[in-house]
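Coordinates from target22.csv are shown below (CSV, C-alpha atoms and all ligand atoms).
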```csv
chain,number,residue,atom,x,y,z
A,1,MET,CA,2.8,11.8,-19.1
A,2,TYR,CA,2.4,9.4,-16.2
A,3,VAL,CA,3.6,11.1,-13.0
A,4,THR,CA,3.4,10.7,-9.2
A,5,LEU,CA,1.1,12.6,-6.9
A,6,LYS,CA,4.0,14.6,-5.6
A,7,GLU,CA,4.9,15.7,-9.1
A,8,ILE,CA,1.4,16.5,-10.2
A,9,LEU,CA,0.7,18.7,-7.1
A,10,LYS,CA,4.1,20.3,-6.9
A,11,ASN,CA,3.0,23.9,-7.8
A,12,THR,CA,-0.5,23.9,-6.3
A,13,ARG,CA,0.3,25.6,-3.0
A,14,ARG,CA,2.4,28.2,-4.6
A,15,ASP,CA,0.0,29.0,-7.5
A,16,LYS,CA,-3.2,28.4,-5.6
A,17,PHE,CA,-5.0,25.9,-7.8
A,18,ALA,CA,-6.1,22.3,-7.1
A,19,VAL,CA,-5.9,19.2,-9.2
A,20,GLY,CA,-9.1,17.1,-9.3
A,21,ALA,CA,-8.9,13.5,-8.2
A,22,PHE,CA,-11.8,11.8,-9.9
A,23,ASN,CA,-13.0,8.3,-8.8
A,24,ILE,CA,-13.1,5.7,-11.6
A,25,HIS,CA,-16.2,3.5,-11.1
A,26,CYS,CA,-15.7,1.3,-14.1
A,27,LEU,CA,-13.1,0.9,-16.9
A,28,GLU,CA,-15.4,2.4,-19.5
A,29,MET,CA,-15.1,5.8,-17.9
A,30,VAL,CA,-11.4,6.1,-18.1
A,31,PRO,CA,-10.8,7.3,-21.6
A,32,SER,CA,-13.5,10.0,-21.2
A,33,MET,CA,-11.8,11.2,-18.0
A,34,ILE,CA,-8.5,11.7,-19.8
A,35,GLU,CA,-10.4,13.3,-22.8
A,36,ALA,CA,-11.8,15.9,-20.3
A,37,ALA,CA,-8.3,16.7,-19.0
A,38,LYS,CA,-7.0,17.0,-22.6
A,39,ALA,CA,-9.8,19.3,-23.6
A,40,LYS,CA,-8.9,21.6,-20.7
A,41,ASN,CA,-5.1,21.2,-20.9
A,42,SER,CA,-5.2,20.2,-17.3
A,43,PRO,CA,-3.4,17.7,-15.1
A,44,ILE,CA,-5.7,14.9,-13.7
A,45,ILE,CA,-5.6,12.4,-10.9
A,46,LEU,CA,-7.5,9.2,-11.6
A,47,GLN,CA,-8.3,7.3,-8.4
A,48,VAL,CA,-9.9,4.0,-7.4
A,49,SER,CA,-11.3,2.7,-4.2
A,50,PRO,CA,-9.9,-0.7,-3.2
A,51,THR,CA,-13.2,-2.3,-4.2
A,52,THR,CA,-13.1,-0.8,-7.7
A,53,CYS,CA,-9.5,-1.8,-7.9
A,54,LYS,CA,-10.4,-5.4,-7.1
A,55,TYR,CA,-13.3,-5.3,-9.6
A,56,ILE,CA,-11.2,-4.1,-12.5
A,57,GLY,CA,-7.9,-5.6,-11.5
A,58,ALA,CA,-4.8,-3.5,-10.5
A,59,SER,CA,-2.7,-4.6,-13.4
A,60,LEU,CA,-5.3,-4.1,-16.1
A,61,LEU,CA,-6.2,-0.7,-14.7
A,62,SER,CA,-2.6,0.5,-14.4
A,63,ALA,CA,-1.9,-0.8,-18.0
A,64,VAL,CA,-4.8,1.2,-19.4
A,65,VAL,CA,-4.1,4.4,-17.6
A,66,LYS,CA,-0.4,4.2,-18.4
A,67,GLU,CA,-1.1,3.6,-22.1
A,68,LEU,CA,-3.5,6.6,-22.3
A,69,ALA,CA,-1.0,8.8,-20.3
A,70,LYS,CA,1.8,7.9,-22.7
A,71,GLU,CA,-0.2,9.2,-25.6
A,72,THR,CA,-0.6,12.7,-24.1
A,73,ASP,CA,1.5,15.5,-22.8
A,74,ILE,CA,-0.8,16.3,-19.9
A,75,ASN,CA,0.2,14.9,-16.5
A,76,VAL,CA,-1.8,11.9,-15.3
A,77,THR,CA,-1.5,10.2,-11.9
A,78,LEU,CA,-3.1,6.8,-10.9
A,79,HIS,CA,-3.9,6.8,-7.2
A,80,LEU,CA,-5.3,4.2,-4.9
A,81,ASP,CA,-7.9,5.9,-2.6
A,82,HIS,CA,-8.6,5.0,1.0
A,83,ALA,CA,-6.7,1.7,1.4
A,84,LYS,CA,-6.7,0.5,4.9
A,85,ASP,CA,-4.3,-2.5,4.8
A,86,PHE,CA,-0.7,-2.9,3.6
A,87,ASN,CA,-1.4,-5.8,1.2
A,88,THR,CA,-3.9,-3.8,-0.8
A,89,ILE,CA,-1.4,-1.0,-1.1
A,90,LYS,CA,1.5,-3.4,-2.0
A,91,GLU,CA,-0.6,-4.8,-4.8
A,92,ALA,CA,-1.2,-1.3,-6.3
A,93,VAL,CA,2.5,-0.4,-5.9
A,94,ASP,CA,3.7,-3.6,-7.4
A,95,ASN,CA,1.3,-3.1,-10.4
A,96,GLY,CA,2.6,0.3,-11.2
A,97,PHE,CA,0.2,2.8,-9.5
A,98,SER,CA,2.0,6.1,-9.1
A,99,SER,CA,0.3,7.0,-5.8
A,100,VAL,CA,-1.4,5.4,-2.9
A,101,MET,CA,-3.5,6.5,0.1
A,102,ILE,CA,-3.2,4.8,3.5
A,103,ASP,CA,-6.2,5.6,5.6
A,104,ALA,CA,-5.5,4.7,9.2
A,105,SER,CA,-7.4,7.7,10.4
A,106,ALA,CA,-9.7,5.7,12.6
A,107,LEU,CA,-6.7,4.6,14.8
A,108,PRO,CA,-5.1,6.7,17.5
A,109,LEU,CA,-2.5,9.2,16.3
A,110,GLU,CA,0.6,7.1,17.2
A,111,GLU,CA,-0.8,4.0,15.5
A,112,ASN,CA,-1.8,6.0,12.5
A,113,ILE,CA,1.8,7.3,12.3
A,114,LYS,CA,3.2,3.7,12.7
A,115,LYS,CA,1.0,2.3,9.9
A,116,THR,CA,1.6,5.3,7.6
A,117,LYS,CA,5.4,5.1,8.0
A,118,GLU,CA,5.4,1.4,7.0
A,119,VAL,CA,3.6,2.4,3.7
A,120,VAL,CA,5.9,5.4,3.1
A,121,LYS,CA,8.9,3.1,3.4
A,122,TYR,CA,7.6,0.6,0.9
A,123,ALA,CA,6.3,3.3,-1.5
A,124,ALA,CA,9.5,5.2,-1.5
A,125,GLN,CA,11.5,2.1,-2.6
A,126,HIS,CA,9.3,2.1,-5.7
A,127,GLY,CA,9.1,5.9,-6.4
A,128,VAL,CA,5.4,6.0,-5.4
A,129,SER,CA,3.7,8.9,-3.6
A,130,VAL,CA,1.7,8.6,-0.4
A,131,GLU,CA,-1.4,10.4,0.9
A,132,ALA,CA,-2.6,9.8,4.4
A,133,GLU,CA,-5.5,11.1,6.5
A,134,LEU,CA,-5.8,12.8,9.9
A,135,GLY,CA,-9.2,13.4,11.6
A,136,THR,CA,-12.3,11.8,10.2
A,137,ILE,CA,-14.3,12.7,7.2
A,138,GLY,CA,-18.0,12.1,7.7
A,139,GLY,CA,-20.3,9.6,5.9
A,140,THR,CA,-23.8,10.0,4.6
A,141,GLU,CA,-27.2,8.5,4.9
A,142,GLU,CA,-29.3,8.7,1.6
A,143,GLY,CA,-26.9,11.3,0.3
A,144,VAL,CA,-27.3,13.6,3.3
A,145,ALA,CA,-24.4,14.3,5.6
A,146,LEU,CA,-24.6,12.7,9.0
A,147,ASN,CA,-24.5,15.3,11.7
A,148,ASN,CA,-21.3,17.2,12.2
A,149,GLY,CA,-20.8,15.5,15.6
A,150,LYS,CA,-19.5,12.5,13.6
A,151,ILE,CA,-16.7,14.5,12.0
A,152,LYS,CA,-13.5,14.6,14.0
A,153,TYR,CA,-11.8,17.8,12.7
A,154,THR,CA,-8.0,17.7,12.1
A,155,ARG,CA,-6.0,19.5,14.7
A,156,PRO,CA,-3.2,21.7,13.3
A,157,GLN,CA,-0.7,20.6,15.9
A,158,ASP,CA,-1.4,16.9,15.1
A,159,ALA,CA,-0.9,17.7,11.3
A,160,VAL,CA,2.6,19.1,12.0
A,161,LYS,CA,3.6,16.1,14.1
A,162,PHE,CA,2.1,13.6,11.6
A,163,ILE,CA,3.8,15.1,8.6
A,164,GLU,CA,7.2,15.3,10.3
A,165,ALA,CA,7.0,11.7,11.7
A,166,THR,CA,5.7,10.0,8.5
A,167,GLY,CA,7.3,11.8,5.5
A,168,ILE,CA,4.0,11.7,3.5
A,169,ASP,CA,3.5,13.6,0.2
A,170,ALA,CA,-0.1,14.9,0.8
A,171,LEU,CA,-2.4,15.1,3.8
A,172,ALA,CA,-6.2,14.6,3.7
A,173,ILE,CA,-7.8,16.8,6.4
A,174,ALA,CA,-11.2,16.8,8.0
A,175,ILE,CA,-12.9,20.2,7.9
A,176,GLY,CA,-16.5,19.3,7.6
A,177,THR,CA,-16.9,17.3,4.3
A,178,SER,CA,-18.6,13.9,4.0
A,179,HIS,CA,-18.2,11.1,1.5
A,180,GLY,CA,-21.3,10.6,-0.7
A,181,GLN,CA,-23.1,13.8,0.2
A,182,TYR,CA,-25.2,14.9,-2.8
A,183,LYS,CA,-28.6,16.0,-1.4
A,184,SER,CA,-27.2,18.7,0.9
A,185,LYS,CA,-24.1,20.9,1.1
A,186,ALA,CA,-21.3,20.6,3.6
A,187,LYS,CA,-20.7,23.3,6.2
A,188,LEU,CA,-16.9,23.9,6.2
A,189,ARG,CA,-14.5,25.1,8.9
A,190,PHE,CA,-12.4,27.5,6.9
A,191,ASP,CA,-10.7,28.6,10.1
A,192,ILE,CA,-9.3,25.1,10.7
A,193,LEU,CA,-8.2,24.9,7.0
A,194,LYS,CA,-6.3,28.2,7.3
A,195,ASP,CA,-4.7,27.2,10.6
A,196,ILE,CA,-3.5,23.8,9.1
A,197,TYR,CA,-2.3,25.5,5.9
A,198,ASN,CA,-0.2,28.0,7.9
A,199,VAL,CA,1.7,25.4,9.9
A,200,THR,CA,2.2,22.8,7.1
A,201,ASN,CA,4.2,22.7,3.8
A,202,ILE,CA,2.8,19.8,1.9
A,203,PRO,CA,-0.3,19.6,-0.4
A,204,LEU,CA,-3.6,19.4,1.5
A,205,VAL,CA,-6.5,17.2,0.3
A,206,LEU,CA,-10.2,17.7,0.5
A,207,HIS,CA,-12.3,14.6,0.3
A,208,GLY,CA,-16.1,14.4,-0.3
A,209,GLY,CA,-15.9,17.0,-3.1
A,210,THR,CA,-19.5,16.2,-4.4
A,211,GLY,CA,-21.0,17.8,-1.3
A,212,VAL,CA,-19.2,21.1,-1.6
A,213,SER,CA,-20.7,24.1,-3.3
A,214,GLU,CA,-18.7,25.7,-6.1
A,215,GLU,CA,-18.3,28.8,-4.1
A,216,ASP,CA,-16.8,26.9,-1.2
A,217,LEU,CA,-14.6,24.9,-3.5
A,218,LYS,CA,-13.0,28.1,-4.7
A,219,LYS,CA,-12.7,29.4,-1.1
A,220,CYS,CA,-11.0,26.1,-0.1
A,221,ILE,CA,-8.5,26.5,-3.0
A,222,SER,CA,-7.6,30.1,-2.2
A,223,ALA,CA,-7.2,28.9,1.5
A,224,GLY,CA,-4.7,26.3,0.4
A,225,ILE,CA,-6.4,23.0,-0.8
A,226,SER,CA,-4.3,21.3,-3.5
A,227,LYS,CA,-6.3,18.1,-4.3
A,228,VAL,CA,-10.1,17.8,-4.4
A,229,ASN,CA,-11.6,14.3,-4.5
A,230,ILE,CA,-14.8,13.9,-6.5
A,231,GLY,CA,-16.6,10.5,-6.8
A,232,THR,CA,-20.4,10.5,-6.3
A,233,GLU,CA,-21.1,13.2,-8.7
A,234,LEU,CA,-19.5,11.3,-11.6
A,235,ASN,CA,-21.4,8.1,-10.7
A,236,ILE,CA,-24.7,10.1,-10.7
A,237,ALA,CA,-23.9,11.6,-14.1
A,238,TRP,CA,-23.0,8.2,-15.5
A,239,VAL,CA,-26.0,6.3,-14.1
A,240,THR,CA,-28.4,9.1,-15.1
A,241,ALA,CA,-27.3,9.1,-18.7
A,242,ALA,CA,-27.1,5.3,-18.8
A,243,LYS,CA,-30.6,4.9,-17.4
A,244,GLU,CA,-31.9,7.1,-20.1
A,245,SER,CA,-30.1,5.4,-23.0
A,246,PHE,CA,-30.7,1.8,-21.8
A,247,GLY,CA,-34.3,2.7,-20.9
A,248,LYS,CA,-35.0,3.5,-24.5
A,249,ALA,CA,-32.9,0.7,-26.0
A,250,LYS,CA,-33.9,-2.4,-27.9
A,251,VAL,CA,-32.1,-5.6,-26.7
A,252,ASN,CA,-30.1,-5.9,-29.9
A,253,ASP,CA,-28.8,-2.3,-29.8
A,254,SER,CA,-25.1,-2.3,-29.3
A,255,CYS,CA,-24.3,-1.8,-25.6
A,256,ARG,CA,-21.3,0.2,-26.9
A,257,ASP,CA,-23.6,2.9,-28.3
A,258,LEU,CA,-25.6,2.9,-25.1
A,259,LEU,CA,-22.6,3.6,-23.0
A,260,ILE,CA,-21.3,6.5,-25.0
A,261,PRO,CA,-23.7,9.1,-23.5
A,262,ALA,CA,-22.8,7.9,-20.0
A,263,ASN,CA,-19.1,8.3,-20.6
A,264,TYR,CA,-19.7,11.7,-22.2
A,265,ALA,CA,-21.7,12.9,-19.2
A,266,VAL,CA,-18.7,12.1,-17.0
A,267,GLN,CA,-16.4,13.9,-19.4
A,268,LYS,CA,-18.6,17.1,-19.2
A,269,VAL,CA,-18.7,17.0,-15.3
A,270,ILE,CA,-14.9,16.7,-15.2
A,271,GLU,CA,-14.4,19.6,-17.7
A,272,HIS,CA,-16.6,21.8,-15.5
A,273,LYS,CA,-14.8,20.8,-12.3
A,274,ILE,CA,-11.5,21.6,-13.9
A,275,ASP,CA,-12.6,25.1,-14.5
A,276,VAL,CA,-13.8,25.5,-10.9
A,277,LEU,CA,-10.6,24.1,-9.5
A,278,GLY,CA,-8.5,26.4,-11.6
A,279,SER,CA,-6.3,23.6,-13.1
A,280,SER,CA,-7.0,24.3,-16.8
A,281,ASN,CA,-3.9,25.2,-18.9
A,282,ARG,CA,-1.6,24.0,-16.2
A,283,LYS,CA,-1.1,20.5,-17.8
B,301,LIG,P1,-17.6,12.1,-3.0
B,301,LIG,O1,-18.0,10.8,-3.5
B,301,LIG,O2,-18.4,12.6,-1.9
B,301,LIG,O3,-17.4,13.1,-4.1
B,301,LIG,O4,-16.2,11.9,-2.3
B,301,LIG,C1,-15.1,11.3,-3.0
B,301,LIG,C2,-13.9,11.0,-2.2
B,301,LIG,O5,-13.6,11.8,-1.3
B,301,LIG,C3,-13.1,9.9,-2.4
B,301,LIG,O6,-12.1,9.7,-1.5
```
What would the structure in this file look like if it were written as structure tokens?
Amino acid sequence: MYVTLKEILKNTRRDKFAVGAFNIHCLEMVPSMIEAAKAKNSPIILQVSPTTCKYIGASLLSAVVKELAKETDINVTLHLDHAKDFNTIKEAVDNGFSSVMIDASALPLEENIKKTKEVVKYAAQHGVSVEAELGTIGGTEEGVALNNGKIKYTRPQDAVKFIEATGIDALAIAIGTSHGQYKSKAKLRFDILKDIYNVTNIPLVLHGGTGVSEEDLKKCISAGISKVNIGTELNIAWVTAAKESFGKAKVNDSCRDLLIPANYAVQKVIEHKIDVLGSSNRK
């Protein structure tokens, strides 16, 4: 079934589990991602960066995901990740995405609110969910997190104000994770997460899932994280398997056969993550 982010996350806070939001890097990956969720009887969020969305095409991507979702009774959401401008979001909404993220977190709070409200208004007219971000999630250099000084942690009082003012469906918070971190592990501020959880009532989102240990992922979920974004780890699994199969191949081998191990590697990573996030058998 094809559902919105609001729908797919609706019991997460109450039942203390998280739904994985897995970044699609190419269209080939998509069927294996859904297969993983089916094998675990788990809901799944498939998400794309604006760059991947442009590469595949919003309408093709949405058609493929909707078609695969229609054939199964597990819940599937298609989400646009980290869009910074209204036109990119409009294109996703107009092409049938069921969720979008507006990331205006680099702007001062009042401007972030203003930009986010504009997106919420448009998305609501089309029955589409909205995630937004407060604070800044760090970046990486060569897979290692840049120093924590670059992370602006989310302030609980700002989260309350932001949620009330914007009417968003999910909030991405900064508690120490970084995007693209795979050679080191994040040091998380569970105290900040707990404080934010206690004063909010919508699903909270953890970005940069690749750099978080399994133990910390579980701690985040019991402290109230509802959605965990995982991107780099899937890319690493896919490229590692593809390098091996293409490396051994003859030029007239079918590229289809060479891609199968790469897609399967992604499936196995997602199945494992679903177990860690506790979303199996929750459809
Ligand atoms: P990683 O690539 O670090 O897993 O982060 C993914 C993400 O947060 C996408 O928004």
Quiz item: Nearest to ligand LIG 301 (chain B): which of A:Ile192, A:Val48, A:Val93, A:Val100 is it, counting only C-alpha atoms and all ligand atoms?
Solution: A:Val48
Practice problem: Find the residues near ligand LIG 301 (chain B). Use a cut-off of 9 Å, count all atoms listed in the file, and write them as a PyMOL selection string. | Solution: chain A and resi 21-23+47-49+81-82+137+139-140+143+177-182+206-212+228-235
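For the pair atom CA of Asp253 of chain A and atom CA of Ala265 of chain A, the interatomic distance is 19.8 Å.
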Quiz item: If we count only C-alpha atoms, what is near Ser59 of chain A at a cut-off of 8 Å, once residues fewer than 5 positions away on the same chain are taken out, given as a list in words?
Solution: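 So the residues in contact are Ala92, Asn95 and Gly96 of chain A.
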Self-check item: Distance of atom CA of Thr88 of chain A from atom CA of Leu27 of chain A, expressed in Å to one decimal place
Solution: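 Pair atom CA of Leu27 of chain A / atom CA of Thr88 of chain A returns 19.1 Å.
The coordinates place atom CA of Thr200 of chain A at 24.1 Å from atom CA of Glu215 of chain A.
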Quiz prompt | Residue among A:Ser222, A:Tyr153, A:Val144, A:Gly167 lying closest to Ala123 of chain A, counting all atoms listed in the file | solution =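 Answer, going by the shortest atom-to-atom distance: A:Gly167.
The neighbours of Thr72 of chain A here are the residues that come within 8 Å of it, using only C-alpha atoms and leaving out any residue fewer than 3 positions away in the same chain; they are Met1, Lys38, Leu68, Ala69 and Asn75 of chain A.
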Quiz item: Looking at all atoms listed in the file, which of A:Ile45, A:Leu78, A:Leu134, A:Val128 is the one that sits closest to Ile151 of chain A?
Solution: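 Nearest to Ile151 of chain A: A:Leu134.
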Quiz prompt | Nearest to Glu110 of chain A, chosen from A:Arg256, A:His79, A:Lys161, A:Lys150, with only C-alpha atoms counted in the distances | solution = A:Lys161
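Nearest to Gly57 of chain A of all the residues A:Ile8, A:Ile163, A:Cys26, A:Ile202 is A:Cys26, counting all atoms listed in the file.
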Practice problem: Could you tell me which of A:Ile260, A:Ala39, A:Ile44, A:Met33 comes closest to Val76 of chain A if we count only C-alpha atoms? | Solution: A:Ile44
Quiz prompt | Distance query Ser280 of chain A at most 9 Å, only C-alpha atoms, self and fewer than 6 positions along chain excluded, as an MDAnalysis selection string | solution = chainID A and resid 37 39:43 271 274
Practice problem: Determine, counting all atoms listed in the file, which protein, DNA and RNA residues have an atom within 8 Å of an atom of Gly224 of chain A; residues of the same chain fewer than 4 positions away are not included. Present the result as a PyMOL selection string. | Solution: chain A and resi 13+16+193-194+197+204+220
